[in-house]
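J.: Sharing data31.csv (CSV, C-alpha atoms and all ligand atoms) below.
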chain,number,residue,atom,x,y,z
G,5,MET,CA,-55.8,1.8,-11.0
G,6,ASP,CA,-55.4,-2.0,-10.6
G,7,MET,CA,-53.8,-2.2,-14.1
G,8,GLU,CA,-51.3,0.5,-13.0
G,9,ARG,CA,-50.4,-1.4,-9.8
G,10,GLU,CA,-50.0,-4.6,-11.9
G,11,ASN,CA,-47.7,-2.8,-14.3
G,12,HIS,CA,-45.7,-1.4,-11.5
G,13,LYS,CA,-45.3,-4.8,-9.9
G,14,LYS,CA,-44.2,-6.3,-13.2
G,15,ALA,CA,-41.6,-3.6,-13.7
G,16,GLY,CA,-40.3,-4.2,-10.1
G,17,LEU,CA,-40.0,-8.0,-10.8
G,18,PHE,CA,-38.2,-7.3,-14.1
G,19,ASP,CA,-35.7,-4.9,-12.3
G,20,ASN,CA,-35.0,-7.5,-9.6
G,21,PHE,CA,-34.5,-10.2,-12.3
G,22,SER,CA,-32.1,-7.9,-14.4
G,23,SER,CA,-30.2,-7.0,-11.3
G,24,LEU,CA,-29.8,-10.8,-10.4
G,25,ILE,CA,-28.5,-11.6,-13.9
G,26,ARG,CA,-26.1,-8.6,-13.7
G,27,LYS,CA,-24.8,-9.9,-10.3
G,28,CYS,CA,-24.2,-13.4,-11.8
G,29,ILE,CA,-22.4,-12.0,-14.9
G,30,PHE,CA,-20.3,-9.6,-12.8
G,31,SER,CA,-19.2,-12.3,-10.4
G,32,VAL,CA,-18.0,-14.3,-13.3
G,33,LEU,CA,-16.1,-11.3,-14.8
G,34,SER,CA,-14.6,-10.5,-11.4
G,35,VAL,CA,-12.7,-13.7,-11.4
G,36,GLY,CA,-10.4,-11.9,-13.9
G,37,PRO,CA,-8.9,-8.4,-13.6
G,38,VAL,CA,-11.4,-5.6,-13.6
G,39,PRO,CA,-10.3,-2.0,-14.6
G,40,SER,CA,-10.3,0.5,-11.8
G,41,HIS,CA,-10.7,3.5,-14.1
G,42,LEU,CA,-12.9,3.8,-17.2
G,43,ALA,CA,-13.1,7.0,-19.2
G,44,PHE,CA,-15.9,7.7,-21.7
G,45,ILE,CA,-16.1,10.0,-24.7
G,46,MET,CA,-19.9,10.1,-24.9
G,47,ASP,CA,-20.1,10.5,-28.6
G,48,GLY,CA,-23.3,10.3,-30.8
G,49,ASN,CA,-26.1,12.0,-28.9
G,50,ARG,CA,-27.1,14.2,-31.8
G,51,ARG,CA,-26.9,11.4,-34.3
G,52,TYR,CA,-29.1,9.3,-31.9
G,53,ALA,CA,-31.6,12.2,-31.8
G,54,LYS,CA,-31.7,12.4,-35.6
G,55,LYS,CA,-32.0,8.6,-35.9
G,56,GLN,CA,-35.0,8.5,-33.5
G,57,ASN,CA,-36.6,11.7,-34.8
G,58,LEU,CA,-36.1,13.5,-31.6
G,59,LEU,CA,-35.0,17.0,-30.7
G,60,GLU,CA,-31.2,17.3,-30.1
G,61,ARG,CA,-32.0,18.2,-26.5
G,62,ASP,CA,-33.7,14.9,-26.1
G,63,GLY,CA,-30.7,13.1,-27.5
G,64,TYR,CA,-28.6,14.6,-24.7
G,65,ARG,CA,-31.3,13.7,-22.2
G,66,ALA,CA,-31.2,10.0,-23.4
G,67,GLY,CA,-27.4,10.3,-23.1
G,68,PHE,CA,-27.6,11.5,-19.5
G,69,SER,CA,-29.9,8.5,-18.6
G,70,VAL,CA,-27.3,6.1,-20.0
G,71,LEU,CA,-24.6,7.8,-18.0
G,72,ILE,CA,-26.6,7.0,-14.8
G,73,ASN,CA,-27.0,3.4,-15.8
G,74,VAL,CA,-23.3,3.1,-16.6
G,75,LEU,CA,-22.5,4.6,-13.2
G,76,ARG,CA,-24.6,1.9,-11.5
G,77,TYR,CA,-22.9,-0.9,-13.4
G,78,CYS,CA,-19.4,0.4,-12.8
G,79,TYR,CA,-20.3,0.7,-9.1
G,80,GLU,CA,-21.6,-2.9,-9.0
G,81,LEU,CA,-18.3,-4.0,-10.6
G,82,GLY,CA,-16.3,-2.3,-7.9
G,83,MET,CA,-14.7,0.3,-10.1
G,84,LYS,CA,-13.2,3.3,-8.3
G,85,HIS,CA,-13.0,5.9,-11.0
G,86,ILE,CA,-15.3,6.9,-13.9
G,87,THR,CA,-14.4,9.9,-16.0
G,88,VAL,CA,-16.7,11.4,-18.7
G,89,TYR,CA,-16.0,14.0,-21.4
G,90,ALA,CA,-19.2,16.1,-21.0
G,91,PHE,CA,-18.2,19.4,-22.8
G,92,SER,CA,-15.0,20.4,-24.5
G,93,ILE,CA,-13.7,24.0,-24.8
G,94,ASP,CA,-14.2,23.5,-28.6
G,95,ASN,CA,-17.9,22.7,-28.0
G,96,PHE,CA,-18.4,26.4,-27.1
G,97,LYS,CA,-18.1,27.0,-30.9
G,98,ARG,CA,-21.3,25.2,-31.6
G,99,ARG,CA,-24.5,27.1,-32.4
G,100,PRO,CA,-25.3,29.4,-29.4
G,101,GLU,CA,-28.8,27.8,-28.9
G,102,GLU,CA,-27.2,24.4,-28.8
G,103,VAL,CA,-24.6,25.5,-26.2
G,104,GLN,CA,-27.4,27.2,-24.2
G,105,SER,CA,-29.6,24.1,-24.3
G,106,LEU,CA,-26.9,21.7,-23.3
G,107,MET,CA,-25.8,24.0,-20.4
G,108,GLU,CA,-29.4,24.3,-19.2
G,109,LEU,CA,-29.7,20.5,-19.3
G,110,MET,CA,-26.4,20.1,-17.4
G,111,GLN,CA,-27.5,22.5,-14.7
G,112,GLU,CA,-30.9,20.7,-14.3
G,113,LYS,CA,-29.2,17.3,-14.1
G,114,ILE,CA,-26.5,18.4,-11.7
G,115,GLU,CA,-29.2,19.9,-9.4
G,116,GLU,CA,-31.1,16.5,-9.5
G,117,LEU,CA,-27.9,14.6,-8.8
G,118,ILE,CA,-27.2,16.4,-5.5
G,119,GLU,CA,-30.7,15.8,-4.1
G,120,GLU,CA,-30.6,13.7,-0.9
G,121,GLU,CA,-32.1,10.6,-2.5
G,122,SER,CA,-30.2,10.7,-5.8
G,123,ILE,CA,-28.2,7.8,-7.1
G,124,VAL,CA,-25.0,9.7,-6.4
G,125,ASN,CA,-25.8,9.8,-2.7
G,126,ARG,CA,-27.3,6.3,-2.5
G,127,LEU,CA,-24.1,4.8,-4.1
G,128,GLY,CA,-21.6,7.1,-2.4
G,129,ILE,CA,-20.3,8.8,-5.6
G,130,ARG,CA,-18.1,11.8,-5.2
G,131,ILE,CA,-18.3,14.2,-8.1
G,132,TYR,CA,-15.5,16.4,-9.4
G,133,PHE,CA,-15.9,18.8,-12.3
G,134,ARG,CA,-12.5,19.2,-14.1
G,135,GLY,CA,-11.7,21.8,-16.6
G,136,ASN,CA,-11.5,25.5,-17.1
G,137,LEU,CA,-14.6,26.2,-14.9
G,138,LYS,CA,-14.2,30.0,-15.3
G,139,LEU,CA,-15.6,29.5,-18.8
G,140,LEU,CA,-18.9,28.3,-17.5
G,141,SER,CA,-21.9,30.7,-17.0
G,142,GLU,CA,-22.5,31.8,-13.4
G,143,PRO,CA,-25.5,29.5,-12.7
G,144,VAL,CA,-23.8,26.4,-14.2
G,145,ARG,CA,-20.6,27.2,-12.2
G,146,SER,CA,-22.5,27.5,-9.0
G,147,ALA,CA,-24.3,24.2,-9.6
G,148,VAL,CA,-21.0,22.6,-10.3
G,149,GLU,CA,-19.4,24.0,-7.2
G,150,MET,CA,-22.4,22.9,-5.1
G,151,ALA,CA,-22.2,19.4,-6.5
G,152,MET,CA,-18.5,19.1,-5.6
G,153,SER,CA,-19.1,20.3,-2.0
G,154,LYS,CA,-22.3,18.4,-1.4
G,155,THR,CA,-20.7,15.1,-2.5
G,156,ALA,CA,-17.4,15.7,-0.7
G,157,GLY,CA,-18.3,13.1,2.0
G,158,ASN,CA,-19.0,10.3,-0.6
G,159,SER,CA,-16.1,7.9,-1.1
G,160,LYS,CA,-17.1,4.7,-2.9
G,161,VAL,CA,-16.6,6.0,-6.5
G,162,VAL,CA,-15.1,9.1,-8.0
G,163,LEU,CA,-16.9,10.5,-11.0
G,164,SER,CA,-14.8,13.1,-12.8
G,165,VAL,CA,-16.9,15.2,-15.2
G,166,CYS,CA,-14.7,17.0,-17.7
G,167,VAL,CA,-16.4,20.3,-18.7
G,168,ALA,CA,-14.9,23.3,-20.5
G,169,TYR,CA,-12.0,20.9,-20.8
G,170,THR,CA,-9.4,20.1,-23.4
G,171,SER,CA,-6.1,18.3,-22.7
G,172,THR,CA,-4.1,21.0,-24.4
G,173,ASP,CA,-5.6,23.6,-22.1
G,174,GLU,CA,-5.0,21.3,-19.1
G,175,ILE,CA,-1.3,20.8,-20.0
G,176,ALA,CA,-0.6,24.5,-20.9
G,177,ARG,CA,-2.1,25.6,-17.6
G,178,ALA,CA,-0.2,22.9,-15.6
G,179,VAL,CA,3.1,23.9,-17.2
G,180,GLN,CA,2.4,27.6,-16.5
G,181,GLU,CA,1.6,26.9,-12.8
G,182,SER,CA,4.6,24.7,-12.4
G,183,CYS,CA,6.9,27.4,-13.8
G,184,GLU,CA,5.3,30.0,-11.4
G,185,GLU,CA,5.8,27.6,-8.5
G,186,LYS,CA,9.4,27.0,-9.4
G,187,GLN,CA,10.1,30.7,-9.7
G,188,ASP,CA,8.5,31.4,-6.3
G,189,GLU,CA,10.7,28.7,-4.8
G,190,ILE,CA,13.9,30.2,-6.4
G,191,ARG,CA,12.9,33.7,-5.3
G,192,GLU,CA,12.4,32.6,-1.7
G,193,ARG,CA,15.6,30.7,-1.6
G,194,ASP,CA,17.6,33.6,-3.1
G,195,ALA,CA,16.1,36.0,-0.6
G,196,SER,CA,17.2,33.8,2.4
G,197,ASN,CA,20.6,33.1,0.8
G,198,ALA,CA,21.5,36.7,-0.3
G,199,GLY,CA,24.1,37.0,-3.1
G,200,ASN,CA,24.1,33.2,-4.0
G,201,TYR,CA,22.4,32.5,-7.3
G,202,ALA,CA,20.2,29.4,-7.2
G,203,LEU,CA,21.2,26.6,-9.5
G,204,GLU,CA,18.8,26.1,-12.4
G,205,GLN,CA,16.1,23.6,-11.3
G,206,PRO,CA,14.4,21.6,-14.0
G,207,ILE,CA,10.7,21.1,-13.9
G,208,GLU,CA,9.9,17.4,-13.4
G,209,VAL,CA,6.9,15.5,-14.9
G,210,ALA,CA,5.7,15.0,-11.3
G,211,ASP,CA,5.5,18.8,-10.9
G,212,ILE,CA,3.3,19.2,-13.9
G,213,ASP,CA,1.2,16.2,-12.8
G,214,ARG,CA,0.3,17.9,-9.6
G,215,HIS,CA,-1.1,20.9,-11.5
G,216,MET,CA,-3.3,18.9,-13.9
G,217,TYR,CA,-7.1,19.1,-13.6
G,218,MET,CA,-7.0,15.3,-13.2
G,219,ALA,CA,-4.4,15.5,-10.4
G,220,GLY,CA,-4.7,12.7,-7.9
G,221,VAL,CA,-6.7,10.4,-10.2
G,222,PRO,CA,-4.9,7.3,-11.5
G,223,ASP,CA,-4.6,7.2,-15.3
G,224,PRO,CA,-7.5,5.5,-17.0
G,225,ASP,CA,-7.2,1.8,-18.0
G,226,ILE,CA,-9.4,2.2,-21.0
G,227,ILE,CA,-10.9,5.1,-22.9
G,228,ILE,CA,-14.2,4.2,-24.5
G,229,ARG,CA,-15.3,6.3,-27.4
G,230,THR,CA,-18.8,5.4,-28.6
G,231,SER,CA,-20.1,5.7,-32.2
G,232,GLY,CA,-17.0,3.8,-33.6
G,233,GLY,CA,-14.7,6.9,-33.7
G,234,THR,CA,-11.0,6.3,-32.8
G,235,ARG,CA,-9.9,9.9,-32.2
G,236,LEU,CA,-9.1,11.1,-28.7
G,237,SER,CA,-10.4,14.6,-29.5
G,238,ASN,CA,-8.1,16.4,-27.0
G,239,PHE,CA,-9.3,14.2,-24.1
G,240,LEU,CA,-6.8,12.9,-21.4
G,241,LEU,CA,-3.8,13.1,-23.8
G,242,TRP,CA,-1.4,13.4,-20.8
G,243,GLN,CA,-3.0,10.5,-19.0
G,244,SER,CA,-3.4,8.0,-21.8
G,245,ALA,CA,0.2,7.0,-22.6
G,246,CYS,CA,-0.5,3.4,-21.4
G,247,CYS,CA,-4.2,3.1,-21.9
G,248,LEU,CA,-6.4,1.0,-24.2
G,249,LEU,CA,-8.8,2.6,-26.6
G,250,TYR,CA,-12.1,0.8,-27.2
G,251,SER,CA,-14.7,2.0,-29.8
G,252,PRO,CA,-18.0,0.3,-29.9
G,253,ARG,CA,-20.1,1.2,-32.9
G,254,ALA,CA,-23.2,2.0,-30.7
G,255,LEU,CA,-24.1,5.7,-30.2
G,256,TRP,CA,-23.7,6.8,-26.6
G,257,PRO,CA,-27.5,6.7,-25.8
G,258,GLU,CA,-27.6,3.1,-27.2
G,259,ILE,CA,-24.9,1.9,-24.7
G,260,SER,CA,-26.2,-1.0,-22.6
G,261,PHE,CA,-25.0,-3.3,-19.9
G,262,TRP,CA,-23.7,-5.7,-22.6
G,263,HIS,CA,-21.4,-3.1,-24.0
G,264,LEU,CA,-19.8,-2.7,-20.6
G,265,VAL,CA,-19.4,-6.5,-20.4
G,266,LEU,CA,-17.7,-6.5,-23.8
G,267,THR,CA,-15.4,-3.6,-22.6
G,268,ILE,CA,-14.3,-5.7,-19.6
G,269,ILE,CA,-13.6,-8.7,-21.7
G,270,TYR,CA,-11.6,-6.5,-24.1
G,271,PHE,CA,-9.6,-5.3,-21.1
G,272,GLN,CA,-9.0,-8.8,-19.8
G,273,ARG,CA,-7.8,-10.0,-23.2
G,274,ASN,CA,-5.3,-7.2,-23.3
G,275,TYR,CA,-4.4,-7.1,-19.6
G,276,PHE,CA,-0.9,-8.8,-19.7
G,277,TYR,CA,0.1,-6.7,-22.8
G,278,LEU,CA,-1.0,-3.5,-21.0
G,279,LYS,CA,0.8,-4.6,-17.8
G,280,GLU,CA,4.0,-5.2,-19.7
G,281,LYS,CA,3.8,-1.7,-21.4
G,282,LYS,CA,3.2,0.0,-18.1
G,283,LYS,CA,6.3,-1.8,-16.6
G,284,GLN,CA,8.4,-0.5,-19.5
G,285,ALA,CA,7.1,3.1,-19.3
W,1,LIG,C1,-24.6,16.5,-16.0
W,1,LIG,C2,-23.9,15.8,-17.0
W,1,LIG,C3,-22.7,15.1,-16.7
W,1,LIG,C4,-24.5,15.8,-18.3
W,1,LIG,C5,-23.9,15.1,-19.5
W,1,LIG,C6,-24.9,15.1,-20.6
W,1,LIG,C7,-24.2,14.6,-21.9
W,1,LIG,C8,-24.7,13.2,-22.4
W,1,LIG,C9,-23.3,15.3,-22.5
W,1,LIG,C10,-22.6,14.9,-23.8
W,1,LIG,C11,-22.1,16.1,-24.5
W,1,LIG,C12,-21.4,16.0,-25.8
W,1,LIG,C13,-21.0,17.3,-26.4
W,1,LIG,C14,-21.3,14.8,-26.5
W,1,LIG,C15,-20.7,14.6,-27.8
W,1,LIG,O1,-21.7,14.0,-28.7
W,1,LIG,P1,-22.5,14.9,-29.8
W,1,LIG,O2,-23.6,15.5,-29.1
W,1,LIG,O3,-21.5,15.8,-30.4
W,1,LIG,O4,-23.1,13.9,-30.8
W,1,LIG,P2,-22.7,13.7,-32.3
W,1,LIG,O5,-21.4,13.0,-32.3
W,1,LIG,O6,-23.8,12.8,-32.8
W,1,LIG,O7,-22.8,15.0,-33.0
For this file, produce the structure as structure tokens.

T.:
Amino acid sequence: MDMERENHKKAGLFDNFSSLIRKCIFSVLSVGPVPSHLAFIMDGNRRYAKKQNLLERDGYRAGFSVLINVLRYCYELGMKHITVYAFSIDNFKRRPEEVQSLMELMQEKIEELIEEESIVNRLGIRIYFRGNLKLLSEPVRSAVEMAMSKTAGNSKVVLSVCVAYTSTDEIARAVQESCEEKQDEIRERDASNAGNYALEQPIEVADIDRHMYMAGVPDPDIIIRTSGGTRLSNFLLWQSACCLLYSPRALWPEISFWHLVLTIIYFQRNYFYLKEKKKQA
């Protein structure tokens, strides 16, 4: 028992020490510009499981723990938006047992996240799930909806979790809805202006923007794809016209505080170039 208490005390001291080191490093980094929106393609969970001789499911569990750590670091750095690619529409084509196991894990973790004392509530994180949510099974969809309503009062950080998501689906749906909206407007105007044909009204980029799953979220400053890949894999294509891509070689569950530090340094080195490109766009 004494041994247990001793170990607990040591772990507590280590946590305090790490948090102090983090604070010092973050205050140095904060002298320069810090991104306000990071987006992650959390690649490499299965490879990690294989490498560590774990079940695939445990690779995803390790990936979820890393997501929680990353959220804490981003919060400490004062970032406003974090977006993660948790499940693409194409992922539904994986083996049914794998899809089932990942969905069960998501449901379990979402339910944990909305508990009163969870990190999400302690740090004031508002969660949005973005994607074609109709494609989710009923229990997962209810968990997702519950998480969005239970965190609606949190306002420090916005976590956007893209599930049942692909950019091409997002764009096609937004264009479709914008056309329908425009047709309704024309119909209403024609009805009140009998006999006069309405002039053709083009659909603007801003109209489509308003109908995106990511509506209201500023475009990401950097997309980080772990495991060294440099493909966007149908993630945030509409939102990444002026965005950096960073691809550390580490698998997602291996991502640590130091990878985040390197990401910020990469952002700071490219800041003026990015600012110039944004101005031109
Ligand atoms: C509640 C919540 C937000 C949970 C998120 C859990 C989590 C870490 C999901 C990642 C899912 C995924 C398909 C990652 C891609 O890597 P991969 O598994 O395809 O790995 P590979 O590239 O090694 O094959």

J.: What does the list of residues within 8 Å of ligand LIG 1 (chain W) look like if you count only C-alpha atoms and all ligand atoms, written as a PyMOL selection string?

T.: chain G and resi 45-53+60+63-71+88-92+95+106+109-114+165+231+255-257

J.: Which residues come within 9 Å of Glu80 in chain G, counting all atoms listed in the file, excluding same-chain residues fewer than 2 positions away, as an MDAnalysis selection string?

T.: chainID G and resid 26:27 30 75:78 82:83

J.: Just the number, please: distance in Å from CA of Lys154 in chain G to CA of Arg130 in chain G, one decimal.

T.: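 Distance between the two atoms: 8.7 Å.
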
J.: For each of G:Arg145, G:Arg126, G:His12, G:Lys84, take the minimum atom-to-atom distance to Leu42 in chain G, counting all atoms listed in the file, then give the residue where this is smallest.

T.: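 Among the listed residues, the smallest separation from Leu42 in chain G belongs to G:Lys84.
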
J.: Enumerate, as a ChimeraX atom specification, the protein, DNA and RNA residues whose atoms approach (-12.7, 23.1, -27.5) to within 8 Å, taking into account all atoms listed in the file and the coordinate frame of the file.

T.: /G:92-97,168-170

J.: Set the distance at 7 Å and use only C-alpha atoms: which residues neighbour Ala151 in chain G once local chain neighbours fewer than 4 positions away are removed? I'd like the list as a PyMOL selection string.

T.: chain G and resi 114+118+131+147+155

J.: Around (-10.3, 7.4, -10.2), as given in the file, which residues come within 10 Å? Count only C-alpha atoms and list them as a list in words.

T.: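 Within 10 Å of (-10.3, 7.4, -10.2), the protein and nucleic acid residues are Ser40, His41, Leu42, Ala43, Met83, Lys84, His85, Ile86, Thr87, Val161, Val162, Leu163, Ser164, Met218, Gly220, Val221, Pro222, Asp223 and Pro224 of chain G.
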
J.: Please compute the CA of Arg99 in chain G-CA of Val167 in chain G distance, one decimal, in Å.

T.: 17.3 Å

J.: Complete the atom set of range 105-123 of chain G to N, CA and C atoms and return it as a compact mmCIF listing (two decimals), in the frame of the given file.

T.:
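And here's selection-v2.txt as it stands now:
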# COMPACT_ATOMS: atom_id res chain seq x y z
N SER G 105 -28.75 25.22 -24.67
CA SER G 105 -29.60 24.10 -24.30
C SER G 105 -28.87 23.03 -23.53
N LEU G 106 -27.65 22.75 -23.95
CA LEU G 106 -26.90 21.70 -23.30
C LEU G 106 -26.46 22.20 -21.85
N MET G 107 -26.16 23.49 -21.73
CA MET G 107 -25.80 24.00 -20.40
C MET G 107 -26.99 23.99 -19.46
N GLU G 108 -28.19 24.31 -20.01
CA GLU G 108 -29.40 24.30 -19.20
C GLU G 108 -29.66 22.84 -18.68
N LEU G 109 -29.47 21.90 -19.61
CA LEU G 109 -29.70 20.50 -19.30
C LEU G 109 -28.68 20.07 -18.18
N MET G 110 -27.44 20.49 -18.35
CA MET G 110 -26.40 20.10 -17.40
C MET G 110 -26.78 20.67 -15.99
N GLN G 111 -27.18 21.93 -15.97
CA GLN G 111 -27.50 22.50 -14.70
C GLN G 111 -28.68 21.78 -14.02
N GLU G 112 -29.72 21.48 -14.85
CA GLU G 112 -30.90 20.70 -14.30
C GLU G 112 -30.45 19.38 -13.75
N LYS G 113 -29.63 18.65 -14.51
CA LYS G 113 -29.20 17.30 -14.10
C LYS G 113 -28.30 17.33 -12.89
N ILE G 114 -27.42 18.35 -12.84
CA ILE G 114 -26.50 18.40 -11.70
C ILE G 114 -27.35 18.68 -10.43
N GLU G 115 -28.35 19.56 -10.56
CA GLU G 115 -29.20 19.90 -9.40
C GLU G 115 -29.95 18.60 -8.94
N GLU G 116 -30.39 17.79 -9.90
CA GLU G 116 -31.10 16.50 -9.50
C GLU G 116 -30.08 15.58 -8.83
N LEU G 117 -28.85 15.56 -9.34
CA LEU G 117 -27.90 14.60 -8.80
C LEU G 117 -27.53 14.87 -7.33
N ILE G 118 -27.65 16.14 -6.91
CA ILE G 118 -27.20 16.40 -5.50
C ILE G 118 -28.41 16.34 -4.53
N GLU G 119 -29.59 15.95 -5.04
CA GLU G 119 -30.70 15.80 -4.10
C GLU G 119 -30.36 14.61 -3.16
N GLU G 120 -30.87 14.71 -1.96
CA GLU G 120 -30.60 13.70 -0.90
C GLU G 120 -30.69 12.27 -1.38
N GLU G 121 -31.79 11.99 -2.10
CA GLU G 121 -32.10 10.60 -2.50
C GLU G 121 -31.54 10.20 -3.84
N SER G 122 -30.67 11.02 -4.42
CA SER G 122 -30.20 10.70 -5.80
C SER G 122 -29.30 9.51 -5.79
N ILE G 123 -29.10 8.95 -6.97
CA ILE G 123 -28.20 7.80 -7.10
C ILE G 123 -26.83 8.05 -6.60
